[in-house]
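Notes follow once the structure below has been shown.
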Amino acid sequence: MGGSKGNTKFDGIRWDKHFQTFVADRNFNGQTVGFTFDTNQIRSDELLASLTPTANRIWMTHNSWFKKFRDFVAADRLSQFRTLLSQEDPPLTITAKQIRDSLTCPYMITIRPLDDSDCVRIDFSGGGHDWGGTDSRLSDYHVEASATLDGGFDDATIFTY
């Protein structure tokens, strides 16, 4: 599981007692990117070991993954963002470039095994007040985009808070 060859070490992983999951932090241009390893609230070193190669592979190529995240969300959710912002008072407009610019990097990456296969899902979460990039109009919106290592991104959801 995980589909990575080479270095599989991912330092700094710790058990979060509150959320009952393994977590680790990385720094990207002064921003913290949290990694969460979804082990179904089971403190299993074996399950964690099956997920860390994916985390390592994502982090080793994070610039590429972050760009894919921004591009996918901007293309896949542009219409939904336009609808949401048109309901603001006054109504606002937005472009795909403005969405990409607002998602400088994800604030969290969750790696989880799929129940019915040897595949791993990767959920990138971004946006929100602290991650609004250069466009404050998007500060109340959070995005989660899901991917696999081999297939790339295939789904995104917008949340408001």
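Chain labels follow the order of the structure tokens: the first chain is A, the next B, and so on; residue numbering restarts at 1 in every chain, and ligands are counted from 1 in their shown order.
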
Extract, using only C-alpha atoms, all DNA, RNA and protein residues at most 12 Å from A:Asn29, discarding same-chain residues fewer than 2 positions from it, and format them as a tab-separated table (two decimals) with C-alpha atoms, in the first residue's frame.
chain	number	residue	atom	x	y	z
A	26	ARG	CA	6.00	20.22	7.58
A	27	ASN	CA	6.93	23.80	6.74
A	31	GLN	CA	3.24	27.98	6.60
A	32	THR	CA	2.60	24.77	8.50
A	33	VAL	CA	1.24	21.91	6.45
A	62	HIS	CA	5.17	18.90	-2.88
A	63	ASN	CA	5.61	21.83	-5.29
A	104	THR	CA	-0.95	28.97	-1.78
A	105	CYS	CA	-0.66	25.54	-0.17
A	106	PRO	CA	-2.91	23.12	1.70

DSSP helix (DSSP H, G or I) residues within stretch 13-134 of chain A, as a ChimeraX atom specification: /A:45-60,62-76,78-86,96-102,129-131

Go through stretch 20-65 of chain A residue by residue and, counting only C-alpha atoms, keep those with an atom at most 9 Å from stretch 108-123 of chain A; for each kept residue give the shortest atom pair and its distance in Å to one decimal, ordered by chain and increasing number, as a tab-separated table.
residue	atom	partner	partner_atom	distance
A:Asp25	CA	A:Met108	CA	8.9
A:Thr32	CA	A:Met108	CA	8.5
A:Val33	CA	A:Met108	CA	5.4
A:Gly34	CA	A:Met108	CA	4.5
A:Phe35	CA	A:Ile109	CA	4.8
A:Thr36	CA	A:Thr110	CA	4.6
A:Phe37	CA	A:Ile111	CA	5.1
A:Asp38	CA	A:Arg112	CA	4.8
A:Thr39	CA	A:Arg112	CA	7.0
A:Asn40	CA	A:Arg112	CA	8.7
A:Leu47	CA	A:Pro113	CA	8.8
A:Ser50	CA	A:Pro113	CA	8.6
A:Leu51	CA	A:Ile111	CA	6.7
A:Thr52	CA	A:Ile111	CA	8.6
A:Thr54	CA	A:Ile111	CA	7.6
A:Ala55	CA	A:Ile111	CA	7.2

For the residues in the current selection, export N, CA, C and O atoms as a CSV table (one decimal), in the first residue's frame.
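Contents of selection-v3.csv, as written:
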chain,number,residue,atom,x,y,z
A,25,ASP,N,4.0,17.5,11.0
A,25,ASP,CA,4.0,18.8,10.4
A,25,ASP,C,5.2,19.0,9.5
A,25,ASP,O,6.3,18.5,9.8
A,32,THR,N,2.6,26.2,8.0
A,32,THR,CA,2.6,24.8,8.5
A,32,THR,C,1.6,24.0,7.7
A,32,THR,O,0.5,24.4,7.5
A,33,VAL,N,2.1,22.9,7.2
A,33,VAL,CA,1.2,21.9,6.4
A,33,VAL,C,1.2,20.7,7.3
A,33,VAL,O,2.2,20.0,7.6
A,34,GLY,N,0.0,20.4,7.8
A,34,GLY,CA,-0.2,19.2,8.7
A,34,GLY,C,-0.5,18.0,7.9
A,34,GLY,O,-1.3,18.0,7.0
A,35,PHE,N,0.2,16.9,8.3
A,35,PHE,CA,-0.2,15.6,7.7
A,35,PHE,C,-0.9,14.8,8.7
A,35,PHE,O,-0.5,14.8,9.9
A,36,THR,N,-2.0,14.2,8.3
A,36,THR,CA,-2.8,13.3,9.2
A,36,THR,C,-2.8,11.9,8.5
A,36,THR,O,-3.1,11.8,7.3
A,37,PHE,N,-2.5,10.9,9.3
A,37,PHE,CA,-2.5,9.5,8.8
A,37,PHE,C,-3.7,8.8,9.4
A,37,PHE,O,-3.8,8.5,10.6
A,38,ASP,N,-4.7,8.6,8.6
A,38,ASP,CA,-6.0,8.1,9.1
A,38,ASP,C,-5.9,6.5,9.3
A,38,ASP,O,-5.9,5.8,8.3
A,39,THR,N,-5.7,6.1,10.5
A,39,THR,CA,-5.6,4.7,10.8
A,39,THR,C,-6.9,4.2,11.6
A,39,THR,O,-6.8,3.3,12.4
A,40,ASN,N,-8.0,4.9,11.3
A,40,ASN,CA,-9.3,4.5,11.9
A,40,ASN,C,-9.2,4.5,13.4
A,40,ASN,O,-9.8,3.6,14.1
A,47,LEU,N,-0.1,-0.2,10.2
A,47,LEU,CA,-0.9,0.6,9.3
A,47,LEU,C,-0.3,1.9,9.0
A,47,LEU,O,-0.2,2.3,7.8
A,50,SER,N,2.3,1.5,6.4
A,50,SER,CA,1.7,1.4,5.0
A,50,SER,C,1.4,2.8,4.4
A,50,SER,O,1.2,2.9,3.2
A,51,LEU,N,1.2,3.8,5.2
A,51,LEU,CA,0.8,5.1,4.7
A,51,LEU,C,2.0,6.1,4.6
A,51,LEU,O,1.9,7.0,3.8
A,52,THR,N,3.1,5.9,5.3
A,52,THR,CA,4.2,6.8,5.3
A,52,THR,C,4.9,6.9,3.9
A,52,THR,O,5.4,8.0,3.6
A,54,THR,N,3.5,7.1,1.1
A,54,THR,CA,2.8,8.0,0.3
A,54,THR,C,3.1,9.5,0.8
A,54,THR,O,3.3,10.4,0.0
A,55,ALA,N,3.1,9.6,2.1
A,55,ALA,CA,3.4,11.0,2.7
A,55,ALA,C,4.8,11.4,2.2
A,55,ALA,O,5.0,12.6,1.8

With DSSP run on the backbone, what are the strand (DSSP E or B) residues within chain A? I'd like them as a PDB file with N, CA and C atoms, in the first residue's frame.
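Listed below is the output, selection_38.pdb:
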ATOM      1  N   ARG A  14       3.818  11.727  15.263  1.00  0.00           N
ATOM      2  CA  ARG A  14       3.442  11.526  16.664  1.00  0.00           C
ATOM      3  C   ARG A  14       1.959  11.130  16.729  1.00  0.00           C
ATOM      4  N   TRP A  15       1.584  10.516  17.839  1.00  0.00           N
ATOM      5  CA  TRP A  15       0.194  10.124  18.058  1.00  0.00           C
ATOM      6  C   TRP A  15      -0.540  11.286  18.714  1.00  0.00           C
ATOM      7  N   ASP A  16      -1.635  11.734  18.110  1.00  0.00           N
ATOM      8  CA  ASP A  16      -2.461  12.791  18.671  1.00  0.00           C
ATOM      9  C   ASP A  16      -3.565  12.127  19.502  1.00  0.00           C
ATOM     10  N   THR A  21      -5.197   9.850  16.146  1.00  0.00           N
ATOM     11  CA  THR A  21      -4.602   9.606  14.840  1.00  0.00           C
ATOM     12  C   THR A  21      -3.132  10.021  14.868  1.00  0.00           C
ATOM     13  N   PHE A  22      -2.386   9.535  13.906  1.00  0.00           N
ATOM     14  CA  PHE A  22      -0.990   9.940  13.760  1.00  0.00           C
ATOM     15  C   PHE A  22      -0.943  11.247  12.970  1.00  0.00           C
ATOM     16  N   VAL A  23      -0.040  12.145  13.379  1.00  0.00           N
ATOM     17  CA  VAL A  23       0.101  13.438  12.713  1.00  0.00           C
ATOM     18  C   VAL A  23       1.573  13.804  12.580  1.00  0.00           C
ATOM     19  N   ALA A  24       1.858  14.698  11.656  1.00  0.00           N
ATOM     20  CA  ALA A  24       3.199  15.260  11.480  1.00  0.00           C
ATOM     21  C   ALA A  24       3.034  16.619  10.816  1.00  0.00           C
ATOM     22  N   ASP A  25       3.994  17.490  11.028  1.00  0.00           N
ATOM     23  CA  ASP A  25       3.958  18.822  10.426  1.00  0.00           C
ATOM     24  C   ASP A  25       5.161  19.029   9.524  1.00  0.00           C
ATOM     25  N   ARG A  26       4.938  19.792   8.463  1.00  0.00           N
ATOM     26  CA  ARG A  26       6.001  20.219   7.581  1.00  0.00           C
ATOM     27  C   ARG A  26       5.862  21.724   7.382  1.00  0.00           C
ATOM     28  N   ASN A  27       6.947  22.369   6.973  1.00  0.00           N
ATOM     29  CA  ASN A  27       6.931  23.800   6.742  1.00  0.00           C
ATOM     30  C   ASN A  27       7.058  24.076   5.255  1.00  0.00           C
ATOM     31  N   PHE A  28       6.187  24.950   4.753  1.00  0.00           N
ATOM     32  CA  PHE A  28       6.238  25.366   3.352  1.00  0.00           C
ATOM     33  C   PHE A  28       6.159  26.889   3.317  1.00  0.00           C
ATOM     34  N   GLN A  31       4.567  28.500   6.241  1.00  0.00           N
ATOM     35  CA  GLN A  31       3.241  27.976   6.600  1.00  0.00           C
ATOM     36  C   GLN A  31       3.374  26.530   7.045  1.00  0.00           C
ATOM     37  N   THR A  32       2.607  26.158   8.047  1.00  0.00           N
ATOM     38  CA  THR A  32       2.604  24.775   8.500  1.00  0.00           C
ATOM     39  C   THR A  32       1.612  23.967   7.676  1.00  0.00           C
ATOM     40  N   VAL A  33       2.089  22.861   7.151  1.00  0.00           N
ATOM     41  CA  VAL A  33       1.238  21.907   6.446  1.00  0.00           C
ATOM     42  C   VAL A  33       1.172  20.673   7.338  1.00  0.00           C
ATOM     43  N   GLY A  34      -0.019  20.392   7.847  1.00  0.00           N
ATOM     44  CA  GLY A  34      -0.201  19.236   8.719  1.00  0.00           C
ATOM     45  C   GLY A  34      -0.503  17.987   7.924  1.00  0.00           C
ATOM     46  N   PHE A  35       0.153  16.899   8.280  1.00  0.00           N
ATOM     47  CA  PHE A  35      -0.153  15.590   7.702  1.00  0.00           C
ATOM     48  C   PHE A  35      -0.916  14.787   8.743  1.00  0.00           C
ATOM     49  N   THR A  36      -2.001  14.166   8.320  1.00  0.00           N
ATOM     50  CA  THR A  36      -2.783  13.286   9.177  1.00  0.00           C
ATOM     51  C   THR A  36      -2.800  11.909   8.519  1.00  0.00           C
ATOM     52  N   PHE A  37      -2.527  10.900   9.318  1.00  0.00           N
ATOM     53  CA  PHE A  37      -2.520   9.520   8.825  1.00  0.00           C
ATOM     54  C   PHE A  37      -3.739   8.825   9.413  1.00  0.00           C
ATOM     55  N   MET A 108      -3.678  21.102   5.382  1.00  0.00           N
ATOM     56  CA  MET A 108      -3.676  19.738   5.877  1.00  0.00           C
ATOM     57  C   MET A 108      -3.718  18.752   4.713  1.00  0.00           C
ATOM     58  N   ILE A 109      -2.981  17.664   4.871  1.00  0.00           N
ATOM     59  CA  ILE A 109      -3.006  16.560   3.922  1.00  0.00           C
ATOM     60  C   ILE A 109      -3.312  15.299   4.721  1.00  0.00           C
ATOM     61  N   THR A 110      -4.415  14.651   4.395  1.00  0.00           N
ATOM     62  CA  THR A 110      -4.823  13.425   5.086  1.00  0.00           C
ATOM     63  C   THR A 110      -4.584  12.244   4.157  1.00  0.00           C
ATOM     64  N   ILE A 111      -3.920  11.239   4.686  1.00  0.00           N
ATOM     65  CA  ILE A 111      -3.630  10.041   3.910  1.00  0.00           C
ATOM     66  C   ILE A 111      -4.369   8.886   4.563  1.00  0.00           C
ATOM     67  N   ARG A 112      -5.163   8.180   3.747  1.00  0.00           N
ATOM     68  CA  ARG A 112      -5.992   7.117   4.313  1.00  0.00           C
ATOM     69  C   ARG A 112      -6.091   5.945   3.340  1.00  0.00           C
ATOM     70  N   PRO A 113      -6.138   4.745   3.905  1.00  0.00           N
ATOM     71  CA  PRO A 113      -6.306   3.580   3.042  1.00  0.00           C
ATOM     72  C   PRO A 113      -7.755   3.471   2.592  1.00  0.00           C
ATOM     73  N   VAL A 120      -4.393   4.103  -1.741  1.00  0.00           N
ATOM     74  CA  VAL A 120      -4.440   5.117  -0.694  1.00  0.00           C
ATOM     75  C   VAL A 120      -5.070   6.376  -1.276  1.00  0.00           C
ATOM     76  N   ARG A 121      -5.968   6.999  -0.515  1.00  0.00           N
ATOM     77  CA  ARG A 121      -6.557   8.287  -0.888  1.00  0.00           C
ATOM     78  C   ARG A 121      -5.792   9.386  -0.172  1.00  0.00           C
ATOM     79  N   ILE A 122      -5.663  10.513  -0.844  1.00  0.00           N
ATOM     80  CA  ILE A 122      -4.976  11.667  -0.284  1.00  0.00           C
ATOM     81  C   ILE A 122      -5.933  12.846  -0.374  1.00  0.00           C
ATOM     82  N   ASP A 123      -6.262  13.435   0.771  1.00  0.00           N
ATOM     83  CA  ASP A 123      -7.160  14.588   0.810  1.00  0.00           C
ATOM     84  C   ASP A 123      -6.354  15.831   1.153  1.00  0.00           C
ATOM     85  N   PHE A 124      -6.398  16.817   0.276  1.00  0.00           N
ATOM     86  CA  PHE A 124      -5.727  18.098   0.476  1.00  0.00           C
ATOM     87  C   PHE A 124      -6.780  19.104   0.919  1.00  0.00           C
ATOM     88  N   SER A 125      -6.580  19.757   2.060  1.00  0.00           N
ATOM     89  CA  SER A 125      -7.506  20.770   2.556  1.00  0.00           C
ATOM     90  C   SER A 125      -6.817  22.126   2.522  1.00  0.00           C
ATOM     91  N   GLY A 126      -7.509  23.128   1.989  1.00  0.00           N
ATOM     92  CA  GLY A 126      -6.928  24.464   1.889  1.00  0.00           C
ATOM     93  C   GLY A 126      -7.987  25.530   1.934  1.00  0.00           C
ATOM     94  N   GLY A 127      -7.541  26.767   1.954  1.00  0.00           N
ATOM     95  CA  GLY A 127      -8.443  27.905   1.993  1.00  0.00           C
ATOM     96  C   GLY A 127      -8.640  28.401   3.415  1.00  0.00           C
ATOM     97  N   TYR A 141     -14.141  30.351   2.901  1.00  0.00           N
ATOM     98  CA  TYR A 141     -14.335  29.096   2.170  1.00  0.00           C
ATOM     99  C   TYR A 141     -13.126  28.175   2.331  1.00  0.00           C
ATOM    100  N   HIS A 142     -13.430  26.911   2.562  1.00  0.00           N
ATOM    101  CA  HIS A 142     -12.403  25.871   2.658  1.00  0.00           C
ATOM    102  C   HIS A 142     -12.670  24.860   1.548  1.00  0.00           C
ATOM    103  N   VAL A 143     -11.608  24.284   1.039  1.00  0.00           N
ATOM    104  CA  VAL A 143     -11.724  23.318  -0.047  1.00  0.00           C
ATOM    105  C   VAL A 143     -11.024  22.034   0.344  1.00  0.00           C
ATOM    106  N   GLU A 144     -11.639  20.908   0.008  1.00  0.00           N
ATOM    107  CA  GLU A 144     -10.982  19.617   0.156  1.00  0.00           C
ATOM    108  C   GLU A 144     -10.985  18.958  -1.214  1.00  0.00           C
ATOM    109  N   ALA A 145      -9.799  18.588  -1.681  1.00  0.00           N
ATOM    110  CA  ALA A 145      -9.674  17.911  -2.973  1.00  0.00           C
ATOM    111  C   ALA A 145      -9.009  16.560  -2.740  1.00  0.00           C
ATOM    112  N   SER A 146      -9.552  15.519  -3.361  1.00  0.00           N
ATOM    113  CA  SER A 146      -9.067  14.151  -3.155  1.00  0.00           C
ATOM    114  C   SER A 146      -8.333  13.633  -4.379  1.00  0.00           C
ATOM    115  N   ALA A 147      -7.323  12.799  -4.096  1.00  0.00           N
ATOM    116  CA  ALA A 147      -6.485  12.276  -5.176  1.00  0.00           C
ATOM    117  C   ALA A 147      -5.966  10.894  -4.806  1.00  0.00           C
ATOM    118  N   THR A 148      -5.407  10.239  -5.798  1.00  0.00           N
ATOM    119  CA  THR A 148      -4.578   9.052  -5.596  1.00  0.00           C
ATOM    120  C   THR A 148      -3.230   9.353  -6.241  1.00  0.00           C
ATOM    121  N   GLY A 152      -4.157  10.988  -9.726  1.00  0.00           N
ATOM    122  CA  GLY A 152      -4.250  12.429  -9.521  1.00  0.00           C
ATOM    123  C   GLY A 152      -5.557  12.819  -8.856  1.00  0.00           C
ATOM    124  N   PHE A 153      -5.918  14.088  -8.981  1.00  0.00           N
ATOM    125  CA  PHE A 153      -7.125  14.611  -8.344  1.00  0.00           C
ATOM    126  C   PHE A 153      -8.355  14.219  -9.133  1.00  0.00           C
ATOM    127  N   ASP A 154      -9.437  13.900  -8.400  1.00  0.00           N
ATOM    128  CA  ASP A 154     -10.674  13.498  -9.074  1.00  0.00           C
ATOM    129  C   ASP A 154     -11.932  14.033  -8.416  1.00  0.00           C
ATOM    130  N   ASP A 155     -11.806  14.766  -7.300  1.00  0.00           N
ATOM    131  CA  ASP A 155     -12.989  15.283  -6.627  1.00  0.00           C
ATOM    132  C   ASP A 155     -12.604  16.458  -5.739  1.00  0.00           C
ATOM    133  N   ALA A 156     -13.513  17.416  -5.604  1.00  0.00           N
ATOM    134  CA  ALA A 156     -13.279  18.551  -4.701  1.00  0.00           C
ATOM    135  C   ALA A 156     -14.610  18.986  -4.112  1.00  0.00           C
ATOM    136  N   THR A 157     -14.552  19.485  -2.894  1.00  0.00           N
ATOM    137  CA  THR A 157     -15.734  19.967  -2.175  1.00  0.00           C
ATOM    138  C   THR A 157     -15.398  21.299  -1.531  1.00  0.00           C
ATOM    139  N   ILE A 158     -16.355  22.225  -1.547  1.00  0.00           N
ATOM    140  CA  ILE A 158     -16.189  23.520  -0.891  1.00  0.00           C
ATOM    141  C   ILE A 158     -17.014  23.519   0.385  1.00  0.00           C
ATOM    142  N   PHE A 159     -16.418  24.002   1.463  1.00  0.00           N
ATOM    143  CA  PHE A 159     -17.108  24.149   2.744  1.00  0.00           C
ATOM    144  C   PHE A 159     -17.079  25.619   3.138  1.00  0.00           C
ATOM    145  N   THR A 160     -18.124  26.078   3.802  1.00  0.00           N
ATOM    146  CA  THR A 160     -18.123  27.433   4.342  1.00  0.00           C
ATOM    147  C   THR A 160     -18.222  27.350   5.853  1.00  0.00           C
TER     148      THR A 160
END

Closest pair table for stretch 43-82 of chain A residues within 9 Å of stretch 86-96 of chain A, only C-alpha atoms, as JSON lines:
{"residue": "A:Asp71", "atom": "CA", "partner": "A:Ala96", "partner_atom": "CA", "distance": 8.2}
{"residue": "A:Val73", "atom": "CA", "partner": "A:Ala96", "partner_atom": "CA", "distance": 8.6}
{"residue": "A:Ala74", "atom": "CA", "partner": "A:Ala96", "partner_atom": "CA", "distance": 4.9}
{"residue": "A:Ala75", "atom": "CA", "partner": "A:Ala96", "partner_atom": "CA", "distance": 6.6}
{"residue": "A:Arg77", "atom": "CA", "partner": "A:Ala96", "partner_atom": "CA", "distance": 8.9}
{"residue": "A:Leu78", "atom": "CA", "partner": "A:Ala96", "partner_atom": "CA", "distance": 6.2}
{"residue": "A:Phe81", "atom": "CA", "partner": "A:Ile94", "partner_atom": "CA", "distance": 7.5}
{"residue": "A:Arg82", "atom": "CA", "partner": "A:Ser86", "partner_atom": "CA", "distance": 6.0}

Next, the residues of the selection above should be written as a PDB file, in the first residue's frame with N, CA and C atoms.
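Result went into result.pdb, see below:
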ATOM      1  N   ASP A  71      -4.637  24.011  -9.326  1.00  0.00           N
ATOM      2  CA  ASP A  71      -5.189  23.957 -10.680  1.00  0.00           C
ATOM      3  C   ASP A  71      -6.490  23.165 -10.720  1.00  0.00           C
ATOM      4  N   VAL A  73      -8.682  22.528  -8.215  1.00  0.00           N
ATOM      5  CA  VAL A  73      -9.763  23.239  -7.526  1.00  0.00           C
ATOM      6  C   VAL A  73     -10.260  24.395  -8.380  1.00  0.00           C
ATOM      7  N   ALA A  74      -9.340  25.151  -8.979  1.00  0.00           N
ATOM      8  CA  ALA A  74      -9.736  26.292  -9.801  1.00  0.00           C
ATOM      9  C   ALA A  74     -10.579  25.857 -11.001  1.00  0.00           C
ATOM     10  N   ALA A  75     -10.228  24.748 -11.621  1.00  0.00           N
ATOM     11  CA  ALA A  75     -10.979  24.259 -12.778  1.00  0.00           C
ATOM     12  C   ALA A  75     -12.276  23.565 -12.367  1.00  0.00           C
ATOM     13  N   ARG A  77     -14.037  23.650  -9.437  1.00  0.00           N
ATOM     14  CA  ARG A  77     -14.982  24.352  -8.558  1.00  0.00           C
ATOM     15  C   ARG A  77     -15.224  25.811  -8.936  1.00  0.00           C
ATOM     16  N   LEU A  78     -14.744  26.256 -10.090  1.00  0.00           N
ATOM     17  CA  LEU A  78     -14.929  27.649 -10.494  1.00  0.00           C
ATOM     18  C   LEU A  78     -16.409  28.025 -10.533  1.00  0.00           C
ATOM     19  N   PHE A  81     -17.798  28.308  -6.991  1.00  0.00           N
ATOM     20  CA  PHE A  81     -17.312  29.533  -6.347  1.00  0.00           C
ATOM     21  C   PHE A  81     -18.057  30.750  -6.894  1.00  0.00           C
ATOM     22  N   ARG A  82     -18.253  30.799  -8.205  1.00  0.00           N
ATOM     23  CA  ARG A  82     -18.959  31.941  -8.800  1.00  0.00           C
ATOM     24  C   ARG A  82     -20.389  32.039  -8.275  1.00  0.00           C
TER      25      ARG A  82
END
